[in-house]
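Q: The following file, work00.tsv, comprises TSV, C-alpha atoms and all ligand atoms:
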chain	number	residue	atom	x	y	z
A	469	MET	CA	134.82	111.24	167.88
A	470	SER	CA	135.38	109.65	164.49
A	471	ALA	CA	138.44	110.66	162.48
A	472	GLN	CA	136.18	111.85	159.65
A	473	HIS	CA	135.13	114.99	161.47
A	474	PRO	CA	131.52	115.45	160.33
A	475	VAL	CA	130.73	118.72	158.59
A	476	VAL	CA	128.55	120.95	160.77
A	477	PHE	CA	126.94	124.03	159.27
A	478	VAL	CA	126.69	126.75	161.93
A	479	THR	CA	124.12	129.45	161.20
A	480	ARG	CA	125.36	132.19	163.57
A	481	ARG	CA	128.55	133.32	165.28
A	482	LEU	CA	128.96	131.32	168.49
A	483	PRO	CA	131.05	132.04	171.62
A	484	GLU	CA	134.79	131.61	171.08
A	485	ALA	CA	135.13	128.56	173.32
A	486	VAL	CA	132.25	126.86	171.52
A	487	GLU	CA	133.69	127.53	168.07
A	488	ALA	CA	137.07	126.25	169.35
A	489	ARG	CA	135.50	122.94	170.42
A	490	LEU	CA	133.61	122.75	167.15
A	491	THR	CA	136.84	123.24	165.21
A	492	ARG	CA	138.60	120.60	167.31
A	493	ASP	CA	135.95	117.92	166.89
A	494	TYR	CA	134.19	118.72	163.61
A	495	THR	CA	134.67	120.36	160.24
A	496	PRO	CA	132.56	123.43	160.96
A	497	VAL	CA	131.32	125.92	158.40
A	498	LEU	CA	131.12	129.06	160.52
A	499	ASN	CA	129.16	132.26	159.96
A	500	VAL	CA	131.93	134.76	160.66
A	501	ASP	CA	129.80	137.78	159.64
A	502	ASP	CA	126.95	136.64	161.92
A	503	THR	CA	124.33	137.77	159.42
A	504	PRO	CA	121.19	135.62	159.73
A	505	PHE	CA	120.47	133.72	156.51
A	506	ALA	CA	117.14	133.90	154.68
A	507	PRO	CA	115.61	130.41	154.37
A	508	ALA	CA	116.58	129.81	150.72
A	509	GLU	CA	120.15	130.96	151.30
A	510	LEU	CA	120.43	128.79	154.40
A	511	VAL	CA	119.40	125.71	152.42
A	512	GLU	CA	121.78	126.57	149.58
A	513	ARG	CA	124.69	127.00	151.98
A	514	VAL	CA	123.94	123.75	153.81
A	515	VAL	CA	123.86	121.92	150.45
A	516	ASN	CA	127.11	123.53	149.27
A	517	ALA	CA	128.82	122.75	152.57
A	518	GLY	CA	127.94	119.06	152.33
A	519	ALA	CA	126.81	119.36	155.96
A	520	GLU	CA	125.78	116.37	158.03
A	521	ALA	CA	124.34	118.54	160.80
A	522	VAL	CA	123.11	122.09	161.26
A	523	LEU	CA	123.71	124.03	164.46
A	524	CYS	CA	120.96	126.63	164.31
A	525	CYS	CA	119.47	129.39	166.46
A	526	PRO	CA	116.02	130.84	167.17
A	527	THR	CA	116.63	133.35	164.35
A	528	ASP	CA	116.48	130.51	161.79
A	529	LYS	CA	112.96	129.62	160.72
A	530	MET	CA	113.27	125.89	160.12
A	531	SER	CA	109.87	125.54	158.46
A	532	ALA	CA	108.53	122.39	156.79
A	533	ASP	CA	109.71	123.78	153.43
A	534	VAL	CA	113.24	124.41	154.68
A	535	ILE	CA	113.45	120.99	156.29
A	536	ALA	CA	112.11	119.29	153.15
A	537	ALA	CA	114.79	121.06	151.10
A	538	LEU	CA	117.68	119.90	153.30
A	539	PRO	CA	119.78	117.12	151.78
A	540	ASN	CA	119.25	113.63	153.21
A	541	LYS	CA	122.81	113.54	154.53
A	542	VAL	CA	121.84	116.13	157.16
A	543	ARG	CA	121.19	113.93	160.18
A	544	ALA	CA	120.66	116.43	162.96
A	545	LEU	CA	119.47	119.91	163.75
A	546	ALA	CA	120.94	121.08	167.05
A	547	THR	CA	119.42	124.36	168.13
A	548	PHE	CA	121.38	126.75	170.32
A	549	SER	CA	118.30	127.45	172.45
A	550	VAL	CA	115.87	125.81	174.81
A	551	GLY	CA	112.91	126.97	172.72
A	552	TYR	CA	112.25	125.12	169.46
A	553	ASP	CA	109.14	126.83	168.19
A	554	HIS	CA	111.23	127.95	165.17
A	555	ILE	CA	111.54	124.30	164.08
A	556	ASP	CA	108.73	122.30	162.49
A	557	LEU	CA	109.09	119.11	164.53
A	558	THR	CA	106.50	117.23	162.50
A	559	ALA	CA	108.49	117.88	159.32
A	560	ALA	CA	111.72	116.94	161.11
A	561	LYS	CA	110.26	113.61	162.21
A	562	ALA	CA	108.95	112.95	158.70
A	563	HIS	CA	112.48	113.48	157.34
A	564	ASP	CA	114.21	111.40	160.07
A	565	LEU	CA	116.00	114.50	161.24
A	566	ILE	CA	117.11	114.42	164.87
A	567	VAL	CA	116.34	117.70	166.67
A	568	THR	CA	117.97	118.70	169.96
A	569	ASN	CA	117.81	121.76	172.24
A	570	THR	CA	119.74	123.20	175.23
A	571	PRO	CA	117.57	123.09	178.38
A	572	ASP	CA	118.62	123.66	182.01
A	573	VAL	CA	121.80	125.66	181.41
A	574	LEU	CA	119.91	128.90	180.71
A	575	THR	CA	117.38	128.59	183.52
A	576	ASP	CA	119.16	130.89	185.99
A	577	ALA	CA	120.13	133.56	183.47
A	578	THR	CA	116.60	133.73	182.06
A	579	ALA	CA	114.99	133.82	185.51
A	580	ASP	CA	117.42	136.61	186.48
A	581	CYS	CA	116.28	138.53	183.41
A	582	ALA	CA	112.61	138.03	184.30
A	583	MET	CA	113.29	139.32	187.84
A	584	LEU	CA	115.25	142.24	186.42
A	585	LEU	CA	112.36	143.15	184.13
A	586	LEU	CA	109.83	142.70	186.93
A	587	LEU	CA	111.74	145.13	189.13
A	588	ALA	CA	112.50	147.49	186.25
A	589	ALA	CA	108.83	147.64	185.29
A	590	ALA	CA	107.70	148.06	188.89
A	591	ARG	CA	110.20	150.83	189.61
A	592	ARG	CA	109.99	152.68	186.27
A	593	ALA	CA	113.66	151.94	185.63
A	594	TRP	CA	113.67	153.14	182.03
A	595	SER	CA	111.70	156.30	182.67
A	596	ALA	CA	113.78	157.19	185.74
A	597	GLU	CA	117.12	156.62	184.05
A	598	SER	CA	116.06	158.54	180.95
A	599	LEU	CA	115.20	161.52	183.14
A	600	VAL	CA	118.75	161.58	184.47
A	601	ARG	CA	120.40	160.97	181.10
A	602	ARG	CA	118.35	163.73	179.43
A	603	GLY	CA	119.46	166.16	182.13
A	604	ASP	CA	115.84	166.73	183.15
A	605	TRP	CA	116.23	165.67	186.80
A	606	THR	CA	115.80	168.92	188.69
A	607	ASN	CA	115.35	167.77	192.30
A	608	TRP	CA	114.19	164.95	194.56
A	609	ALA	CA	110.41	165.03	194.73
A	610	PRO	CA	108.05	163.21	197.12
A	611	THR	CA	105.78	162.45	194.18
A	612	GLY	CA	108.39	161.85	191.48
A	613	GLN	CA	108.85	158.55	189.60
A	614	ILE	CA	106.46	156.63	191.83
A	615	GLY	CA	106.45	152.94	191.09
A	616	THR	CA	104.84	149.82	192.52
A	617	GLN	CA	106.10	147.97	195.61
A	618	VAL	CA	106.86	144.31	194.87
A	619	SER	CA	106.98	142.94	198.41
A	620	GLY	CA	103.71	141.39	199.56
A	621	LYS	CA	102.31	141.33	196.01
A	622	ARG	CA	100.91	138.30	194.20
A	623	LEU	CA	103.11	137.08	191.34
A	624	GLY	CA	101.29	134.89	188.83
A	625	ILE	CA	103.58	132.60	186.85
A	626	PHE	CA	102.06	131.16	183.69
A	627	GLY	CA	104.13	128.05	182.93
A	628	MET	CA	105.84	126.63	186.01
A	629	GLY	CA	108.67	124.71	184.34
A	630	ARG	CA	112.34	125.17	185.12
A	631	ILE	CA	112.45	128.91	184.44
A	632	GLY	CA	109.11	129.62	186.11
A	633	GLN	CA	110.28	127.82	189.24
A	634	ALA	CA	113.61	129.66	189.21
A	635	LEU	CA	111.75	132.98	189.01
A	636	ALA	CA	109.53	131.88	191.91
A	637	LYS	CA	112.66	131.20	193.98
A	638	ARG	CA	113.97	134.70	193.26
A	639	ALA	CA	110.61	136.38	193.87
A	640	ARG	CA	110.25	134.66	197.25
A	641	GLY	CA	113.43	136.53	198.21
A	642	PHE	CA	111.48	139.73	197.51
A	643	ASP	CA	108.60	138.55	199.73
A	644	MET	CA	106.23	138.04	196.84
A	645	GLU	CA	103.34	135.57	197.10
A	646	ILE	CA	103.69	132.96	194.36
A	647	HIS	CA	100.75	131.70	192.31
A	648	TYR	CA	101.02	129.63	189.14
A	649	SER	CA	99.16	127.88	186.40
A	650	ASP	CA	100.33	124.94	184.32
A	651	LEU	CA	98.90	121.75	182.90
A	652	ALA	CA	99.22	120.04	186.30
A	653	PRO	CA	100.28	121.04	189.82
A	654	LEU	CA	103.90	120.52	190.82
A	655	PRO	CA	104.86	117.97	193.48
A	656	LEU	CA	104.74	119.64	196.90
A	657	ASP	CA	108.54	119.75	197.31
A	658	GLN	CA	108.83	121.75	194.07
A	659	GLU	CA	105.74	123.85	194.67
A	660	GLN	CA	107.27	125.32	197.85
A	661	GLY	CA	104.01	126.88	198.98
A	662	ALA	CA	103.07	128.35	195.60
A	663	VAL	CA	99.32	128.32	194.92
A	664	PHE	CA	98.20	126.30	191.88
A	665	HIS	CA	95.40	127.56	189.63
A	666	ALA	CA	94.13	124.93	187.21
A	667	ASP	CA	92.38	127.66	185.23
A	668	PRO	CA	94.85	130.22	183.83
A	669	GLU	CA	92.09	132.84	183.82
A	670	GLU	CA	91.70	132.42	187.58
A	671	LEU	CA	95.46	133.11	187.84
A	672	LEU	CA	95.06	136.26	185.77
A	673	GLY	CA	92.25	137.42	188.08
A	674	ILE	CA	94.60	137.58	191.09
A	675	ALA	CA	97.97	138.36	189.44
A	676	GLU	CA	99.22	141.77	190.49
A	677	PHE	CA	102.33	140.76	188.56
A	678	LEU	CA	102.21	138.24	185.71
A	679	SER	CA	105.29	136.56	184.24
A	680	LEU	CA	104.97	134.36	181.16
A	681	HIS	CA	107.04	131.16	181.01
A	682	CYS	CA	105.11	128.81	178.75
A	683	PRO	CA	106.39	127.55	175.39
A	684	LEU	CA	104.94	129.12	172.25
A	685	THR	CA	102.43	126.70	170.73
A	686	GLU	CA	99.20	127.13	168.81
A	687	ASP	CA	97.43	126.97	172.21
A	688	THR	CA	99.49	129.75	173.78
A	689	ARG	CA	99.71	132.11	170.76
A	690	HIS	CA	98.09	135.42	171.83
A	691	PHE	CA	97.29	133.89	175.22
A	692	LEU	CA	97.44	137.37	176.73
A	693	ASP	CA	94.82	139.15	174.64
A	694	ALA	CA	92.45	142.03	175.39
A	695	ARG	CA	89.81	139.81	176.99
A	696	ARG	CA	92.29	138.20	179.37
A	697	ILE	CA	94.04	141.47	180.20
A	698	ALA	CA	90.62	142.76	181.29
A	699	LEU	CA	90.49	139.95	183.86
A	700	MET	CA	93.67	141.19	185.56
A	701	PRO	CA	93.67	143.55	188.54
A	702	ASP	CA	93.89	147.23	187.59
A	703	GLY	CA	97.47	148.44	187.72
A	704	ALA	CA	98.97	144.97	187.19
A	705	ILE	CA	102.41	144.49	185.67
A	706	VAL	CA	103.31	142.05	182.88
A	707	VAL	CA	106.69	140.44	182.20
A	708	ASN	CA	107.53	138.35	179.14
A	709	THR	CA	110.83	136.52	178.71
A	710	ALA	CA	109.27	133.51	176.94
A	711	ARG	CA	108.19	134.24	173.36
A	712	GLY	CA	106.71	137.42	171.89
A	713	PRO	CA	103.66	135.95	170.13
A	714	ILE	CA	102.27	134.71	173.48
A	715	VAL	CA	101.15	138.33	173.86
A	716	ASP	CA	98.76	140.21	171.58
A	717	ASP	CA	100.86	143.36	171.19
A	718	GLU	CA	98.01	145.68	170.25
A	719	ALA	CA	96.03	144.59	173.32
A	720	LEU	CA	99.02	145.02	175.64
A	721	ILE	CA	99.89	148.44	174.19
A	722	THR	CA	96.28	149.61	174.56
A	723	ALA	CA	96.21	148.44	178.20
A	724	LEU	CA	99.54	150.14	178.98
A	725	ARG	CA	98.50	153.35	177.25
A	726	GLY	CA	95.10	153.48	178.91
A	727	GLY	CA	96.36	152.69	182.42
A	728	LYS	CA	94.63	149.32	182.85
A	729	LEU	CA	98.15	147.89	183.27
A	730	ALA	CA	100.75	149.93	185.15
A	731	ALA	CA	103.81	148.67	183.32
A	732	ALA	CA	105.46	145.87	181.39
A	733	GLY	CA	108.94	144.41	181.07
A	734	LEU	CA	109.52	142.66	177.75
A	735	ASP	CA	112.51	140.72	176.46
A	736	VAL	CA	110.77	139.05	173.52
A	737	PHE	CA	108.49	140.36	170.77
A	738	ASP	CA	106.25	139.14	168.03
A	739	GLY	CA	108.21	139.61	164.79
A	740	GLU	CA	111.40	140.58	166.60
A	741	PRO	CA	113.68	142.38	165.96
A	742	LYS	CA	111.02	144.54	164.24
A	743	ILE	CA	108.89	145.30	167.26
A	744	ASN	CA	105.47	146.93	167.31
A	745	PRO	CA	106.29	150.70	167.21
A	746	GLY	CA	103.50	151.31	169.72
A	747	TYR	CA	105.85	150.13	172.48
A	748	LEU	CA	108.47	152.76	171.69
A	749	ALA	CA	106.22	155.67	172.58
A	750	LEU	CA	105.38	154.28	176.03
A	751	GLU	CA	107.20	155.43	179.17
A	752	ASN	CA	105.93	152.49	181.22
A	753	VAL	CA	107.66	149.65	179.39
A	754	THR	CA	111.18	148.33	179.70
A	755	LEU	CA	112.29	146.76	176.43
A	756	TYR	CA	115.22	144.37	176.06
A	757	PRO	CA	116.52	142.76	172.84
A	758	HIS	CA	115.96	139.08	173.76
A	759	ILE	CA	118.88	138.87	176.21
A	760	GLY	CA	117.41	136.38	178.70
A	761	SER	CA	120.23	133.86	178.29
A	762	ALA	CA	122.92	136.41	177.42
A	763	THR	CA	125.65	135.82	179.99
A	764	LYS	CA	129.08	134.50	179.06
A	765	GLU	CA	128.67	131.47	181.30
A	766	THR	CA	125.25	130.61	179.93
A	767	ARG	CA	126.01	131.13	176.25
A	768	ASP	CA	129.16	128.98	176.56
A	769	ALA	CA	127.13	126.31	178.36
A	770	MET	CA	124.39	126.41	175.69
A	771	GLY	CA	127.01	125.84	173.00
A	772	PHE	CA	128.58	122.96	174.90
A	773	VAL	CA	125.19	121.31	175.39
A	774	ALA	CA	124.47	121.68	171.66
A	775	LEU	CA	127.82	120.01	170.97
A	776	ASP	CA	127.16	117.26	173.52
A	777	ASN	CA	124.01	116.54	171.54
A	778	LEU	CA	125.91	116.41	168.24
A	779	ASP	CA	128.65	114.25	169.82
A	780	ALA	CA	125.96	111.76	170.80
A	781	VAL	CA	124.41	111.75	167.31
A	782	PHE	CA	127.75	111.13	165.60
A	783	GLY	CA	128.87	108.75	168.35
A	784	GLY	CA	125.83	106.53	167.76
A	785	ARG	CA	124.19	107.42	171.09
A	786	THR	CA	120.84	108.99	171.93
A	787	PRO	CA	121.39	112.74	172.33
A	788	PRO	CA	120.68	113.91	175.90
A	789	ASN	CA	118.29	116.62	174.75
A	790	ARG	CA	116.42	115.14	171.83
A	791	VAL	CA	113.08	116.82	171.10
A	792	ALA	CA	112.37	115.05	167.80
A	801	LIG	C1	115.98	130.14	174.07
A	801	LIG	O1	116.97	129.48	174.40
A	801	LIG	O2	114.95	129.63	173.64
A	801	LIG	C2	116.07	131.62	174.22
A	801	LIG	O3	115.01	132.28	173.70
A	801	LIG	C3	117.38	132.15	173.69
A	801	LIG	O4	118.27	131.87	174.69
What is this file in structure tokens?
Ligand code: DGY
A:
Amino acid sequence: MSAQHPVVFVTRRLPEAVEARLTRDYTPVLNVDDTPFAPAELVERVVNAGAEAVLCCPTDKMSADVIAALPNKVRALATFSVGYDHIDLTAAKAHDLIVTNTPDVLTDATADCAMLLLLAAARRAWSAESLVRRGDWTNWAPTGQIGTQVSGKRLGIFGMGRIGQALAKRARGFDMEIHYSDLAPLPLDQEQGAVFHADPEELLGIAEFLSLHCPLTEDTRHFLDARRIALMPDGAIVVNTARGPIVDDEALITALRGGKLAAAGLDVFDGEPKINPGYLALENVTLYPHIGSATKETRDAMGFVALDNLDAVFGGRTPPNRVA
């Protein structure tokens, strides 16, 4: 690392070990209060800091306007996330801004979260626990809190990348039958017996459970809408740990309220953290605050990967996880 210690503007509080490495190798401008910055304030702070790189998070909307307003001395935008739908890559390329992300290291934690939500939704985890906490559990009942068995059921995975495959591995341990849809089938050694559906709507038609693992793009926005939900088997269960806007909230809420879908487990929401209030009134949803990657090991690893990317930029090398 050069002796000049490049100035890195950090938009959110990061794990202690990550901030320690940042402080060792860079001149970081940290966000000790951890309050997300509005776009104009973010730009102003980056300018005032004289930053040469920004270490950002999915809570920062790096739109074309924000990117255009960044000073030319900002060379890189390293996001502390695998997803980069919050960054306008076209604008970044136009401004010669290197963009990097943090793939791989959060695969297991996110797949664990998807499996957790799948089980929680199937077994009415929230409703059952609330009963106990409210003091309303009066006795064991043969017909009480009846959920859906997962073993033997067909799990449809929309987006069979790293996280989709890691979920498939977990779900096989629960004797689920794996089906998937993606742009192309996986090589046989990675497919591991999973059934490929070239047409996502064919996948929906057989998915007793559906877990979303595609990136958010203009093609996948509101992928799961009312028309597609109608294609799913009655009583199906939906899990989303990818991005909220892949689901049309009103359509999902209507299907959960009306009984077309039995349950849902959601870690991400359109417009989060302000979620559609319709979800809050439903007993058959488990709602998490975007915690897919939230383990100590994973969050440390995400920070270290973001720093590996910055080290490469300032060391004159190609960053290992460059997306623009
Ligand atoms: C990501 O990395 O994209 C997640 O949404 C946050 O871990």
Q: So what do you get for atom CA of A:Ala596 versus atom CA of A:Ile759, distance-wise?
A: 21.3 Å
Q: Can you tell me which residues sit at most 7 Å away from ligand LIG 801 (chain A), counting only C-alpha atoms and all ligand atoms, written as a PyMOL selection string?
A: chain A and resi 526+548-552+570+574+710+758+760-761
Q: If you measure from atom CA of A:Ala774 to atom CA of A:Pro655, what distance in Å do you get, rounded to one decimal?
A: 29.6 Å
Q: Here is a test: counting all atoms listed in the file, which residue of A:Asn777, A:Thr606, A:Thr709, A:Ser531 is nearest to A:Gly733?
A: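 Using all atoms listed in the file, A:Gly733 sits closest to A:Thr709.
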Q: Counting all atoms listed in the file, figure out which residue out of A:Ala521, A:Leu482, A:Met628, A:Leu671 gets nearest to A:Ala652.
A: A:Met628
Q: So that I can check the surroundings of A:Leu623, please list as a list in words every protein, DNA and RNA residue that reaches within 7 Å of it, counting only C-alpha atoms and ignoring chain neighbours fewer than 5 positions away.
A: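 The residues satisfying every condition are Met644, Glu645, Ile646, His647, Ala675, Glu676, Phe677 and Leu678 of chain A.
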Q: Take the residues just selected and output them with C-alpha atoms as an mmCIF file, in the coordinates of the input.
A:
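Okay, result_30.cif is ready:
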data_model
loop_
_atom_site.group_PDB
_atom_site.id
_atom_site.type_symbol
_atom_site.label_atom_id
_atom_site.label_comp_id
_atom_site.auth_asym_id
_atom_site.auth_seq_id
_atom_site.Cartn_x
_atom_site.Cartn_y
_atom_site.Cartn_z
ATOM 1 C CA MET A 644 106.230 138.040 196.840
ATOM 2 C CA GLU A 645 103.340 135.570 197.100
ATOM 3 C CA ILE A 646 103.690 132.960 194.360
ATOM 4 C CA HIS A 647 100.750 131.700 192.310
ATOM 5 C CA ALA A 675 97.970 138.360 189.440
ATOM 6 C CA GLU A 676 99.220 141.770 190.490
ATOM 7 C CA PHE A 677 102.330 140.760 188.560
ATOM 8 C CA LEU A 678 102.210 138.240 185.710
#
Q: Would you fill out stretch 657-668 of chain A with all heavy atoms and return it as a tab-separated table (two decimals), in the coordinates of the input?
A:
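Full text of part22.tsv as output:
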chain	number	residue	atom	x	y	z
A	657	ASP	N	107.17	119.29	197.02
A	657	ASP	CA	108.54	119.75	197.31
A	657	ASP	C	109.01	120.78	196.28
A	657	ASP	O	109.86	121.62	196.57
A	657	ASP	CB	109.52	118.56	197.40
A	657	ASP	CG	109.56	117.77	196.10
A	657	ASP	OD1	108.51	117.64	195.44
A	657	ASP	OD2	110.66	117.31	195.74
A	658	GLN	N	108.45	120.73	195.07
A	658	GLN	CA	108.83	121.75	194.07
A	658	GLN	C	107.92	122.98	194.15
A	658	GLN	O	108.31	124.08	193.79
A	658	GLN	CB	108.74	121.17	192.67
A	658	GLN	CG	109.84	120.17	192.36
A	658	GLN	CD	109.61	119.51	191.02
A	658	GLN	OE1	109.25	120.14	190.03
A	658	GLN	NE2	109.82	118.21	190.98
A	659	GLU	N	106.71	122.76	194.61
A	659	GLU	CA	105.74	123.85	194.67
A	659	GLU	C	106.14	124.89	195.72
A	659	GLU	O	105.91	126.09	195.56
A	659	GLU	CB	104.37	123.27	195.01
A	659	GLU	CG	103.23	124.15	194.67
A	659	GLU	CD	101.90	123.41	194.83
A	659	GLU	OE1	101.63	122.92	195.94
A	659	GLU	OE2	101.14	123.35	193.85
A	660	GLN	N	106.72	124.42	196.81
A	660	GLN	CA	107.27	125.32	197.85
A	660	GLN	C	106.26	126.38	198.28
A	660	GLN	O	106.59	127.56	198.38
A	660	GLN	CB	108.51	126.02	197.33
A	660	GLN	CG	109.56	125.07	196.80
A	660	GLN	CD	110.83	125.07	197.61
A	660	GLN	OE1	111.19	126.08	198.17
A	660	GLN	NE2	111.46	123.93	197.73
A	661	GLY	N	105.01	125.95	198.46
A	661	GLY	CA	104.01	126.88	198.98
A	661	GLY	C	103.32	127.72	197.92
A	661	GLY	O	102.41	128.49	198.23
A	662	ALA	N	103.73	127.59	196.67
A	662	ALA	CA	103.07	128.35	195.60
A	662	ALA	C	101.64	127.82	195.43
A	662	ALA	O	101.38	126.64	195.64
A	662	ALA	CB	103.84	128.22	194.29
A	663	VAL	N	100.73	128.71	195.04
A	663	VAL	CA	99.32	128.32	194.92
A	663	VAL	C	99.01	127.98	193.46
A	663	VAL	O	99.25	128.80	192.56
A	663	VAL	CB	98.41	129.49	195.38
A	663	VAL	CG1	96.94	129.09	195.30
A	663	VAL	CG2	98.80	129.93	196.78
A	664	PHE	N	98.51	126.76	193.24
A	664	PHE	CA	98.20	126.30	191.88
A	664	PHE	C	96.81	126.76	191.44
A	664	PHE	O	95.85	126.66	192.22
A	664	PHE	CB	98.27	124.77	191.83
A	664	PHE	CG	97.86	124.19	190.52
A	664	PHE	CD1	98.61	124.44	189.36
A	664	PHE	CD2	96.73	123.38	190.41
A	664	PHE	CE1	98.24	123.89	188.14
A	664	PHE	CE2	96.36	122.83	189.18
A	664	PHE	CZ	97.12	123.09	188.05
A	665	HIS	N	96.70	127.22	190.22
A	665	HIS	CA	95.40	127.56	189.63
A	665	HIS	C	95.24	126.73	188.36
A	665	HIS	O	95.98	126.95	187.38
A	665	HIS	CB	95.34	129.05	189.28
A	665	HIS	CG	95.49	129.95	190.47
A	665	HIS	ND1	94.42	130.54	191.10
A	665	HIS	CD2	96.61	130.34	191.14
A	665	HIS	CE1	94.87	131.27	192.12
A	665	HIS	NE2	96.18	131.16	192.16
A	666	ALA	N	94.32	125.78	188.38
A	666	ALA	CA	94.13	124.93	187.21
A	666	ALA	C	93.66	125.77	186.02
A	666	ALA	O	94.01	125.50	184.87
A	666	ALA	CB	93.11	123.84	187.52
A	667	ASP	N	92.89	126.80	186.29
A	667	ASP	CA	92.38	127.66	185.23
A	667	ASP	C	93.26	128.90	185.11
A	667	ASP	O	93.32	129.72	186.03
A	667	ASP	CB	90.94	128.06	185.60
A	667	ASP	CG	90.31	128.96	184.55
A	667	ASP	OD1	91.02	129.34	183.59
A	667	ASP	OD2	89.12	129.28	184.70
A	668	PRO	N	93.95	129.06	183.99
A	668	PRO	CA	94.85	130.22	183.83
A	668	PRO	C	94.11	131.55	184.02
A	668	PRO	O	94.70	132.53	184.48
A	668	PRO	CB	95.37	130.10	182.40
A	668	PRO	CG	95.05	128.73	181.95
A	668	PRO	CD	93.95	128.19	182.81
